[in-house]
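Structure below is protein06.txt: compact mmCIF, C-alpha atoms.
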```
# COMPACT_ATOMS: atom_id res chain seq x y z
CA MET R 27 -9.66 -30.37 -10.67
CA GLY R 28 -10.85 -30.09 -7.08
CA GLU R 29 -7.97 -32.24 -5.84
CA LEU R 30 -5.43 -30.03 -7.61
CA ILE R 31 -6.96 -26.91 -6.07
CA ASN R 32 -6.83 -28.52 -2.64
CA ALA R 33 -3.17 -29.35 -3.22
CA ALA R 34 -2.49 -25.74 -4.24
CA ALA R 35 -4.04 -24.56 -0.97
CA LEU R 36 -1.30 -26.45 0.88
CA ASP R 37 1.54 -25.87 -1.59
CA PRO R 38 1.62 -22.67 -3.72
CA ALA R 39 3.89 -24.44 -6.24
CA ALA R 40 0.91 -26.61 -7.24
CA TRP R 41 -0.92 -23.64 -8.75
CA GLN R 42 0.85 -24.18 -12.07
CA GLN R 43 -0.72 -27.64 -12.23
CA VAL R 44 -4.11 -26.01 -11.70
CA ALA R 45 -3.55 -23.69 -14.67
CA ASP R 46 -2.22 -26.50 -16.87
CA GLU R 47 -5.14 -28.79 -16.03
CA LEU R 48 -7.68 -26.07 -16.80
CA ARG R 49 -6.16 -25.70 -20.26
CA HIS R 50 -5.96 -29.48 -20.74
CA LEU R 51 -9.64 -29.94 -19.91
CA ASN R 52 -10.60 -27.16 -22.31
CA PRO R 53 -8.70 -27.62 -25.60
CA GLY R 54 -8.20 -24.46 -27.60
CA SER R 55 -8.12 -22.20 -24.57
CA ARG R 56 -5.32 -20.30 -22.88
CA VAL R 57 -5.21 -19.66 -19.15
CA VAL R 58 -3.95 -16.59 -17.32
CA ILE R 59 -4.21 -15.62 -13.66
CA GLN R 60 -3.35 -11.98 -12.99
CA ALA R 61 -2.88 -9.67 -10.02
CA HIS R 62 -4.09 -6.09 -10.26
CA ASP R 63 -2.77 -3.34 -8.01
CA PRO R 64 -3.73 0.32 -8.58
CA SER R 65 -0.33 1.56 -7.43
CA LEU R 66 1.43 -0.30 -10.26
CA GLY R 67 -0.78 0.87 -13.12
CA ARG R 68 -0.66 -2.51 -14.87
CA PRO R 69 -1.77 -6.10 -14.25
CA LEU R 70 0.87 -8.66 -13.32
CA VAL R 71 0.91 -12.22 -14.61
CA ALA R 72 0.84 -14.66 -11.72
CA LEU R 73 0.38 -17.87 -13.73
CA ALA R 74 -0.11 -18.69 -17.39
CA SER R 75 -0.62 -21.80 -19.50
CA GLY R 76 -0.90 -22.29 -23.25
CA TRP R 77 0.81 -19.09 -24.37
CA SER R 78 3.77 -18.98 -26.76
CA ASP R 79 7.29 -18.80 -25.42
CA GLY R 80 8.19 -15.31 -24.30
CA TYR R 81 4.71 -13.82 -24.67
CA THR R 82 4.05 -13.43 -20.94
CA ASP R 83 7.41 -11.70 -20.51
CA ARG R 84 6.62 -9.27 -23.36
CA TYR R 85 3.17 -8.75 -21.89
CA ALA R 86 4.54 -7.97 -18.42
CA SER R 87 7.19 -5.56 -19.71
CA HIS R 88 5.11 -3.70 -22.31
CA PHE R 89 1.64 -4.84 -23.37
CA ALA R 90 0.10 -5.01 -19.88
CA ARG R 91 0.08 -1.22 -19.63
CA MET R 92 -2.13 -1.07 -22.75
CA ASN R 93 -4.63 -3.64 -21.50
CA ASN R 94 -7.46 -1.36 -20.40
CA VAL R 95 -10.00 -4.18 -20.63
CA SER R 96 -8.20 -6.07 -17.88
CA LYS R 97 -7.85 -2.96 -15.70
CA ILE R 98 -11.54 -2.06 -15.93
CA TRP R 99 -13.26 -5.40 -15.46
CA ALA R 100 -10.97 -6.46 -12.61
CA THR R 101 -12.41 -3.69 -10.45
CA SER R 102 -15.97 -3.49 -11.77
CA ALA R 103 -17.11 -7.10 -12.24
CA PRO R 104 -18.99 -8.73 -9.32
CA MET R 105 -16.91 -11.06 -7.18
CA LEU R 106 -16.97 -14.74 -8.25
CA THR R 107 -19.28 -13.96 -11.18
CA PRO R 108 -18.13 -15.05 -14.70
CA VAL R 109 -18.11 -12.35 -17.39
CA LEU R 110 -17.54 -12.44 -21.14
CA LEU R 111 -14.54 -10.40 -22.29
CA PRO R 112 -14.02 -7.97 -23.88
CA GLU R 113 -17.80 -7.47 -24.27
CA TYR R 114 -18.19 -6.79 -20.55
CA VAL R 115 -16.10 -3.64 -21.09
CA LEU R 116 -16.47 -2.65 -24.76
CA PRO R 117 -17.67 -4.06 -28.13
CA VAL R 118 -15.42 -6.67 -29.72
CA GLY R 119 -15.04 -4.49 -32.82
CA ASP R 120 -13.56 -1.66 -30.77
CA PHE R 121 -11.26 -4.07 -28.96
CA LEU R 122 -9.92 -5.41 -32.27
CA LYS R 123 -8.89 -1.85 -33.16
CA SER R 124 -7.06 -1.29 -29.87
CA GLU R 125 -3.31 -0.89 -29.60
CA PHE R 126 -3.11 -3.72 -27.07
CA TYR R 127 -4.74 -6.22 -29.43
CA ASN R 128 -2.88 -5.22 -32.58
CA GLU R 129 0.59 -4.91 -31.05
CA GLY R 130 0.39 -7.77 -28.58
CA LEU R 131 -2.48 -10.20 -28.38
CA LYS R 132 -3.03 -10.57 -32.13
CA SER R 133 0.27 -12.38 -32.57
CA GLU R 134 -1.01 -15.21 -30.35
CA GLY R 135 -3.93 -16.00 -32.68
CA GLU R 136 -7.42 -17.05 -31.56
CA ALA R 137 -7.31 -15.32 -28.18
CA GLU R 138 -9.56 -12.36 -28.87
CA CYS R 139 -12.20 -13.29 -26.29
CA GLY R 140 -12.31 -14.85 -22.87
CA SER R 141 -14.39 -15.94 -19.91
CA GLY R 142 -13.13 -14.32 -16.73
CA ILE R 143 -13.84 -14.39 -13.02
CA ARG R 144 -12.60 -12.23 -10.16
CA ILE R 145 -11.45 -14.52 -7.35
CA PHE R 146 -9.94 -12.07 -4.87
CA SER R 147 -10.34 -8.45 -3.76
CA GLU R 148 -8.71 -6.70 -0.80
CA GLY R 149 -7.41 -3.18 -0.19
CA GLY R 150 -7.84 -2.21 -3.84
CA ARG R 151 -5.95 -5.25 -5.11
CA GLN R 152 -7.62 -7.91 -7.24
CA ALA R 153 -6.86 -11.37 -8.63
CA THR R 154 -8.53 -12.64 -11.80
CA LEU R 155 -8.65 -15.83 -13.83
CA VAL R 156 -9.33 -15.75 -17.58
CA LEU R 157 -9.76 -18.59 -20.07
CA GLN R 158 -9.10 -17.06 -23.52
CA TYR R 159 -10.20 -18.36 -26.90
CA GLY R 160 -10.98 -17.32 -30.47
CA LEU R 161 -13.74 -14.91 -31.45
CA ARG R 162 -15.51 -17.44 -33.68
CA HIS R 163 -16.07 -19.76 -30.69
CA LYS R 164 -17.03 -17.13 -28.12
CA ASP R 165 -20.70 -18.02 -27.64
CA ASP R 166 -20.14 -21.77 -27.29
CA MET R 167 -17.01 -21.34 -25.19
CA HIS R 168 -18.55 -18.90 -22.74
CA ARG R 169 -21.66 -21.07 -22.41
CA HIS R 170 -19.33 -23.93 -21.45
CA PHE R 171 -16.86 -21.98 -19.28
CA ALA R 172 -19.23 -19.78 -17.28
CA PRO R 173 -20.73 -22.56 -15.12
CA LEU R 174 -17.29 -24.15 -14.72
CA LEU R 175 -15.83 -20.89 -13.40
CA GLN R 176 -18.87 -20.40 -11.20
CA ARG R 177 -18.20 -23.76 -9.51
CA LEU R 178 -14.43 -23.38 -9.28
CA GLY R 179 -14.32 -19.73 -8.22
CA PRO R 180 -15.01 -20.21 -4.48
CA ARG R 181 -12.52 -23.08 -4.27
CA LEU R 182 -9.84 -21.06 -6.04
CA ARG R 183 -10.45 -18.15 -3.69
CA GLY R 184 -10.25 -20.44 -0.65
CA ALA R 185 -6.95 -21.93 -1.82
CA LEU R 186 -5.49 -18.48 -2.40
CA LEU R 187 -6.51 -17.27 1.07
CA ALA R 188 -5.00 -20.40 2.60
CA ASN R 189 -1.70 -19.66 0.82
CA ARG R 190 -1.67 -16.12 2.17
CA GLN R 191 -2.19 -17.28 5.75
CA THR R 192 0.57 -19.86 5.43
CA LEU R 193 3.01 -17.35 3.97
CA ARG R 194 2.15 -14.82 6.68
CA LYS R 195 3.32 -17.27 9.36
CA ARG R 196 6.51 -18.06 7.47
CA THR R 197 7.58 -14.46 6.84
CA SER R 198 6.61 -12.64 10.04
CA PRO R 199 9.84 -13.61 11.91
CA LEU R 200 11.86 -11.96 9.14
CA THR R 201 10.24 -8.58 9.78
CA GLY R 202 10.86 -9.06 13.50
CA ASP R 203 14.58 -9.60 12.89
CA ILE R 204 14.80 -6.31 10.96
CA VAL R 205 13.10 -4.33 13.72
CA ASN R 206 15.03 -5.93 16.57
CA ASP R 207 18.32 -4.89 14.96
CA LEU R 208 17.39 -1.22 15.36
CA VAL R 209 18.42 0.78 18.44
CA ASP R 210 15.68 3.43 18.27
CA PRO R 211 12.06 2.53 19.03
CA ALA R 212 10.79 0.84 15.88
CA LEU R 213 7.51 -0.78 14.86
CA ILE R 214 6.08 -2.32 11.72
CA LEU R 215 2.50 -1.22 11.15
CA ASP R 216 0.00 -2.38 8.56
CA ARG R 217 -2.31 -0.02 6.70
CA SER R 218 -4.73 0.19 9.63
CA ARG R 219 -1.78 0.89 12.01
CA ARG R 220 -2.04 -2.52 13.61
CA VAL R 221 1.32 -3.46 15.15
CA VAL R 222 2.86 -6.37 13.27
CA CYS R 223 5.96 -6.34 15.46
CA ALA R 224 7.84 -3.94 17.73
CA ASN R 225 11.36 -3.97 19.14
CA GLN R 226 12.26 -3.79 22.82
CA ALA R 227 12.88 -0.02 22.70
CA ALA R 228 9.39 0.57 21.31
CA ARG R 229 7.77 -1.65 23.94
CA GLU R 230 9.63 0.21 26.68
CA LEU R 231 8.51 3.55 25.23
CA VAL R 232 4.87 2.43 25.28
CA VAL R 233 5.17 1.40 28.93
CA SER R 234 7.13 4.43 30.17
CA SER R 235 5.61 7.24 28.12
CA GLU R 236 2.14 8.70 27.83
CA THR R 237 2.97 9.89 24.33
CA VAL R 238 2.27 6.63 22.49
CA ARG R 239 0.05 3.65 23.14
CA ILE R 240 -1.04 0.34 21.66
CA GLY R 241 -4.78 -0.03 22.06
CA ALA R 242 -7.54 -2.41 21.07
CA ARG R 243 -6.74 -4.82 18.22
CA ASP R 244 -3.06 -3.84 18.62
CA VAL R 245 -3.56 -0.46 16.92
CA PHE R 246 -0.72 2.02 17.49
CA SER R 247 -1.61 5.66 18.22
CA PHE R 248 -0.32 8.92 19.65
CA SER R 249 -2.07 10.39 22.67
CA GLU R 250 -2.35 13.82 21.03
CA PRO R 251 -5.30 13.69 18.56
CA GLN R 252 -3.79 16.03 15.96
CA THR R 253 -0.51 14.13 15.90
CA ASP R 254 -2.37 10.83 15.70
CA ALA R 255 -4.48 12.04 12.77
CA HIS R 256 -1.31 13.21 11.02
CA LEU R 257 0.27 9.78 11.52
CA ALA R 258 -2.79 8.06 10.04
CA THR R 259 -2.57 10.25 6.93
CA LEU R 260 1.14 9.62 6.42
CA VAL R 261 0.80 5.86 6.90
CA GLU R 262 -1.91 5.81 4.22
CA VAL R 263 0.30 7.85 1.87
CA ALA R 264 3.28 5.56 2.47
CA CYS R 265 1.18 2.44 1.83
CA GLN R 266 0.21 3.80 -1.58
CA ARG R 267 3.82 4.12 -2.71
CA ALA R 268 4.63 2.03 -5.77
CA PRO R 269 7.59 -0.38 -5.71
CA GLY R 270 10.70 1.33 -7.01
CA SER R 271 9.82 4.81 -5.75
CA SER R 272 12.14 6.52 -3.30
CA GLY R 273 12.04 8.72 -0.21
CA TYR R 274 10.41 8.58 3.18
CA LEU R 275 8.02 10.65 5.30
CA GLN R 276 8.82 12.33 8.59
CA PHE R 277 7.44 14.81 11.09
CA ASP R 278 8.34 16.30 14.48
CA PHE R 279 6.10 17.01 17.45
CA LEU R 280 6.38 18.05 21.09
CA HIS R 281 4.78 16.27 24.01
CA ARG R 282 5.21 17.51 27.57
CA GLY R 283 8.39 19.36 26.71
CA CYS R 284 10.00 16.42 24.90
CA ARG R 285 10.57 16.55 21.16
CA PHE R 286 9.80 13.46 19.07
CA HIS R 287 10.99 12.80 15.54
CA ALA R 288 9.05 10.20 13.54
CA SER R 289 10.17 8.60 10.26
CA ILE R 290 7.86 6.44 8.15
CA LEU R 291 9.25 4.12 5.47
CA PRO R 292 7.15 1.84 3.24
CA ILE R 293 8.41 -1.74 3.31
CA THR R 294 7.67 -5.12 1.77
CA ARG R 295 6.60 -7.65 4.36
CA SER R 296 6.92 -10.66 2.07
CA LEU R 297 7.51 -11.31 -1.60
CA GLY R 298 7.23 -8.02 -3.49
CA LEU R 299 4.43 -7.07 -5.85
CA ALA R 300 7.04 -6.34 -8.50
CA ASN R 301 8.06 -10.02 -8.54
CA LYS R 302 6.73 -12.44 -11.09
CA GLY R 303 4.78 -15.57 -10.38
CA LEU R 304 2.48 -16.32 -7.51
CA ALA R 305 4.13 -13.59 -5.41
CA CYS R 306 1.75 -11.18 -7.16
CA LEU R 307 -1.16 -12.86 -5.39
CA LEU R 308 0.43 -13.77 -2.07
CA SER R 309 2.03 -10.44 -1.18
CA PHE R 310 0.37 -8.86 1.82
CA ASP R 311 -1.04 -5.39 2.06
CA PRO R 312 1.57 -2.64 2.23
CA ALA R 313 3.20 -2.00 5.59
CA VAL R 314 5.42 0.71 7.05
CA LEU R 315 8.41 0.88 9.34
CA LEU R 316 7.89 3.58 11.98
CA LEU R 317 11.01 4.90 13.73
CA LEU R 318 10.69 7.16 16.78
CA ARG R 319 13.52 9.24 18.19
CA THR R 320 13.28 11.54 21.19
CA GLU R 321 15.27 14.60 22.16
CA PRO R 322 15.41 15.83 25.76
CA PRO R 323 13.83 19.23 26.35
CA SER R 324 16.16 22.19 25.95
CA GLU R 325 16.55 24.04 29.25
CA LYS R 326 17.41 27.31 27.51
CA LYS R 327 14.31 27.18 25.37
CA ASN R 328 12.22 26.25 28.37
CA GLU R 329 13.54 29.40 30.00
CA LEU R 330 12.04 31.36 27.15
CA GLN R 331 8.76 29.54 27.58
CA VAL R 332 8.68 30.44 31.28
CA ARG R 333 9.89 34.00 30.72
CA PHE R 334 7.29 34.85 28.10
CA GLN R 335 4.59 32.45 29.39
CA LEU R 336 4.37 30.63 26.06
CA THR R 337 2.05 27.69 25.74
CA ASN R 338 3.46 24.35 24.54
CA ALA R 339 1.89 24.97 21.13
CA GLU R 340 3.46 28.44 20.87
CA LEU R 341 6.85 27.07 21.92
CA ARG R 342 6.56 24.27 19.37
CA ILE R 343 5.77 26.63 16.48
CA ALA R 344 8.60 28.99 17.44
CA GLN R 345 11.09 26.11 17.58
CA ALA R 346 9.84 24.82 14.25
CA LEU R 347 10.46 28.23 12.64
CA THR R 348 14.14 28.01 13.59
CA ARG R 349 14.49 24.92 11.37
CA LYS R 350 13.44 27.02 8.34
CA GLY R 351 10.69 26.24 5.89
CA SER R 352 7.42 28.01 5.12
CA LEU R 353 4.63 28.21 7.66
CA ILE R 354 2.52 25.99 5.38
CA GLN R 355 5.22 23.29 5.46
CA ILE R 356 5.63 23.63 9.23
CA ALA R 357 1.89 23.33 9.80
CA ASP R 358 1.86 20.16 7.70
CA GLU R 359 4.83 18.71 9.60
CA LEU R 360 3.17 19.42 12.95
CA GLY R 361 -0.16 18.04 11.80
CA ILE R 362 -2.12 21.27 12.38
CA ALA R 363 -4.13 23.58 10.14
CA TYR R 364 -2.36 26.54 8.57
CA GLU R 365 -4.68 29.02 10.31
CA THR R 366 -3.93 27.38 13.65
CA ALA R 367 -0.19 27.73 13.04
CA ARG R 368 -0.65 31.34 11.95
CA ASN R 369 -2.57 32.19 15.11
CA GLN R 370 0.07 30.51 17.29
CA VAL R 371 2.81 32.58 15.62
CA LYS R 372 0.84 35.78 16.17
CA SER R 373 0.39 34.92 19.84
CA ALA R 374 4.10 34.11 20.25
CA LEU R 375 5.03 37.43 18.59
CA ARG R 376 2.76 39.34 20.93
CA LYS R 377 4.04 37.62 24.08
CA THR R 378 7.73 37.96 23.20
CA GLY R 379 7.43 41.58 22.00
CA THR R 380 8.78 40.70 18.57
CA HIS R 381 7.19 42.00 15.39
CA THR R 382 8.19 39.56 12.66
CA GLN R 383 8.90 35.85 12.33
CA ARG R 384 12.54 36.73 11.67
CA GLU R 385 12.78 38.55 15.01
CA LEU R 386 11.11 35.63 16.79
CA VAL R 387 13.54 33.15 15.19
CA SER R 388 16.49 35.37 16.09
CA LEU R 389 15.36 35.44 19.73
CA PHE R 390 15.26 31.64 19.92
CA LEU R 391 18.53 31.16 18.05
CA GLN R 392 20.31 33.46 20.47
CA LYS R 393 19.29 31.17 23.33
CA GLU R 394 20.54 27.97 21.70
```
Please re-express this file's structure in structure tokens.
Amino acid sequence: MGELINAAALDPAAWQQVADELRHLNPGSRVVIQAHDPSLGRPLVALASGWSDGYTDRYASHFARMNNVSKIWATSAPMLTPVLLPEYVLPVGDFLKSEFYNEGLKSEGEAECGSGIRIFSEGGRQATLVLQYGLRHKDDMHRHFAPLLQRLGPRLRGALLANRQTLRKRTSPLTGDIVNDLVDPALILDRSRRVVCANQAARELVVSSETVRIGARDVFSFSEPQTDAHLATLVEVACQRAPGSSGYLQFDFLHRGCRFHASILPITRSLGLANKGLACLLSFDPAVLLLLRTEPPSEKKNELQVRFQLTNAELRIAQALTRKGSLIQIADELGIAYETARNQVKSALRKTGTHTQRELVSLFLQKE
């Protein structure tokens, strides 16, 4: 068993042999390794052995969403500690009345219980291994399986982590090719905003501009604290997007008279979570593609700033009002509090001698 796990650490295709050997060494059991991601709302089958033809496909497409036992224990059980299922989550009697058991698992026969172990946890995602068997054998089976899983758990985890590191090296050039094909400054950032790769335009922007920087541990940031905090929030939101959803996030900001437009798109850095097989376990944390575009300062609008002695913040809010949208939306786009935006508008109205937002917008539109 140890040799097969070592082989799987070097070659992800060997994981199926691991699952098959576990079942072979424990007659009467069925093996399933699953990935759990909160954004998907259901567990995904990574590997299975001993199940009837077509069951894992039916499970993935329908029954997995009903499997609350799997969802709960995958996030609550201690790491690398065997648990008895479903008793870790609820009494067996209640489980046998559940929709998941009666519509799905019951058809497999003698798979009501299982010994499970959580072998991976990172960024809210989990990987679990379960050996399932009949209710009438649960005490003897768990007494036999628990120490086995306890011994194998660390080795399984080590093999999985080795696979992830290997795949990371193989797939990183692909993301670089995507970014380098873009004309605008573009970077791929992970959830913590660490730069995975950046194109030439982005590197030149970092060198020539005080607006953006790449700091310690390759973390990307904006020099303006409010804008940087807004970026952090949007990256986190984008990383929580489920596969198959649509849309992107964007915001504008001014820095030293130059307008920047930022677009944030969630991307898949390797094999997608929605895929079947070992991709469920090897996919990396979510990442985003950040595109930055700059617009030169408008001389006519700068004339207004000089004429009425507007601050950069007051100029920015006035320009934002010309693009329409509520003040709440504009404040969110600019990464500032609503009250801050409201006070900036009031100040701009006072300095320009206008009395309403409509008059202020009209003044700026006349100068375009």
Review point. By how many Å are atom CA of R:Asp244 and atom CA of R:Pro211 apart?
Key: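 Computed distance, atom CA of R:Asp244 to atom CA of R:Pro211, equals 16.4 Å.
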Residues of stretch 118-188 of chain R within 9 Å of stretch 79-88 of chain R: nearest atom pair and distance (Å, one decimal) for each, counting only C-alpha atoms, sorted by chain and number, as a tab-separated table?
```
residue	atom	partner	partner_atom	distance
R:Gly130	CA	R:Tyr85	CA	7.3
R:Leu131	CA	R:Tyr85	CA	8.7
R:Glu134	CA	R:Tyr81	CA	8.2
```
**Study point:** d(atom CA of R:Arg56, atom CA of R:Ser96) in Å
**Key:**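 It comes out at 15.4 Å.
Pairwise distance (atom CA of R:Leu318, atom CA of R:Ala346) equals 17.9 Å.
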Check your understanding: Using all atoms listed in the file, which of R:Ser247, R:Ser133, R:Asn206, R:Ser352 sits nearest R:Ala227?
Key -> R:Asn206
Practice item. For each of R:Cys284, R:Cys265, R:Ile293, R:Leu106, take the minimum atom-to-atom distance to R:Ser235, counting all atoms listed in the file, then give the residue where this is smallest. Key: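 Between R:Cys284, R:Cys265, R:Ile293, R:Leu106, the residue approaching R:Ser235 most closely is R:Cys284.
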Exercise for review: Go through R:His163, R:Lys132, R:Arg368, R:His256 one by one, measure the shortest atom-to-atom distance of each to R:Leu275 using all atoms listed in the file, and give the residue with the smallest value.
Suggested key: R:His256
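Nearest residue to R:Leu186 among R:Leu347, R:Ile59, R:Ile356, R:Leu231 is R:Ile59, counting all atoms listed in the file.
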Exercise for review: Might you pull out every residue within 12 Å of stretch 332-341 of chain R, with all atoms listed in the file counted and same-chain residues fewer than 5 positions away left off, and present them as a PyMOL selection string?
Suggested key: chain R and resi 250+252+279-285+323-327+346-348+357+360-362+366-380+386-387+389-390
Could those selected residues go to a file with C-alpha atoms, as a PDB file, in the frame of the given file?
```pdb
ATOM      1  CA  GLU R 250      -2.350  13.820  21.030  1.00  0.00           C
ATOM      2  CA  GLN R 252      -3.790  16.030  15.960  1.00  0.00           C
ATOM      3  CA  PHE R 279       6.100  17.010  17.450  1.00  0.00           C
ATOM      4  CA  LEU R 280       6.380  18.050  21.090  1.00  0.00           C
ATOM      5  CA  HIS R 281       4.780  16.270  24.010  1.00  0.00           C
ATOM      6  CA  ARG R 282       5.210  17.510  27.570  1.00  0.00           C
ATOM      7  CA  GLY R 283       8.390  19.360  26.710  1.00  0.00           C
ATOM      8  CA  CYS R 284      10.000  16.420  24.900  1.00  0.00           C
ATOM      9  CA  ARG R 285      10.570  16.550  21.160  1.00  0.00           C
ATOM     10  CA  PRO R 323      13.830  19.230  26.350  1.00  0.00           C
ATOM     11  CA  SER R 324      16.160  22.190  25.950  1.00  0.00           C
ATOM     12  CA  GLU R 325      16.550  24.040  29.250  1.00  0.00           C
ATOM     13  CA  LYS R 326      17.410  27.310  27.510  1.00  0.00           C
ATOM     14  CA  LYS R 327      14.310  27.180  25.370  1.00  0.00           C
ATOM     15  CA  ALA R 346       9.840  24.820  14.250  1.00  0.00           C
ATOM     16  CA  LEU R 347      10.460  28.230  12.640  1.00  0.00           C
ATOM     17  CA  THR R 348      14.140  28.010  13.590  1.00  0.00           C
ATOM     18  CA  ALA R 357       1.890  23.330   9.800  1.00  0.00           C
ATOM     19  CA  LEU R 360       3.170  19.420  12.950  1.00  0.00           C
ATOM     20  CA  GLY R 361      -0.160  18.040  11.800  1.00  0.00           C
ATOM     21  CA  ILE R 362      -2.120  21.270  12.380  1.00  0.00           C
ATOM     22  CA  THR R 366      -3.930  27.380  13.650  1.00  0.00           C
ATOM     23  CA  ALA R 367      -0.190  27.730  13.040  1.00  0.00           C
ATOM     24  CA  ARG R 368      -0.650  31.340  11.950  1.00  0.00           C
ATOM     25  CA  ASN R 369      -2.570  32.190  15.110  1.00  0.00           C
ATOM     26  CA  GLN R 370       0.070  30.510  17.290  1.00  0.00           C
ATOM     27  CA  VAL R 371       2.810  32.580  15.620  1.00  0.00           C
ATOM     28  CA  LYS R 372       0.840  35.780  16.170  1.00  0.00           C
ATOM     29  CA  SER R 373       0.390  34.920  19.840  1.00  0.00           C
ATOM     30  CA  ALA R 374       4.100  34.110  20.250  1.00  0.00           C
ATOM     31  CA  LEU R 375       5.030  37.430  18.590  1.00  0.00           C
ATOM     32  CA  ARG R 376       2.760  39.340  20.930  1.00  0.00           C
ATOM     33  CA  LYS R 377       4.040  37.620  24.080  1.00  0.00           C
ATOM     34  CA  THR R 378       7.730  37.960  23.200  1.00  0.00           C
ATOM     35  CA  GLY R 379       7.430  41.580  22.000  1.00  0.00           C
ATOM     36  CA  THR R 380       8.780  40.700  18.570  1.00  0.00           C
ATOM     37  CA  LEU R 386      11.110  35.630  16.790  1.00  0.00           C
ATOM     38  CA  VAL R 387      13.540  33.150  15.190  1.00  0.00           C
ATOM     39  CA  LEU R 389      15.360  35.440  19.730  1.00  0.00           C
ATOM     40  CA  PHE R 390      15.260  31.640  19.920  1.00  0.00           C
TER      41      PHE R 390
END
```
Check your understanding: Which is closest to R:Gln392 among R:Thr154, R:Val44, R:Leu330, R:Ala258, if we use all atoms listed in the file?
Key ->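 That would be R:Leu330, the residue with the smallest distance to R:Gln392.
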Sort by chain and increasing residue number a table of all residues of stretch 91-110 of chain R within 9 Å of stretch 168-179 of chain R, each with its closest pair of atoms and their distance in Å to one decimal, counting all atoms listed in the file, and write it as a tab-separated table.
```
residue	atom	partner	partner_atom	distance
R:Leu106	CA	R:Gly179	CA	5.7
R:Thr107	CA	R:Gln176	CA	6.5
R:Pro108	CA	R:Ala172	CA	5.5
R:Val109	CA	R:Ala172	CA	7.5
R:Leu110	CA	R:His168	CA	6.7
```
**Study point:** Minimum-distance residue to R:Thr253, chosen among R:Val314, R:Ala137, R:Val238, R:Ala153 (using all atoms listed in the file)
**Key:** R:Val238
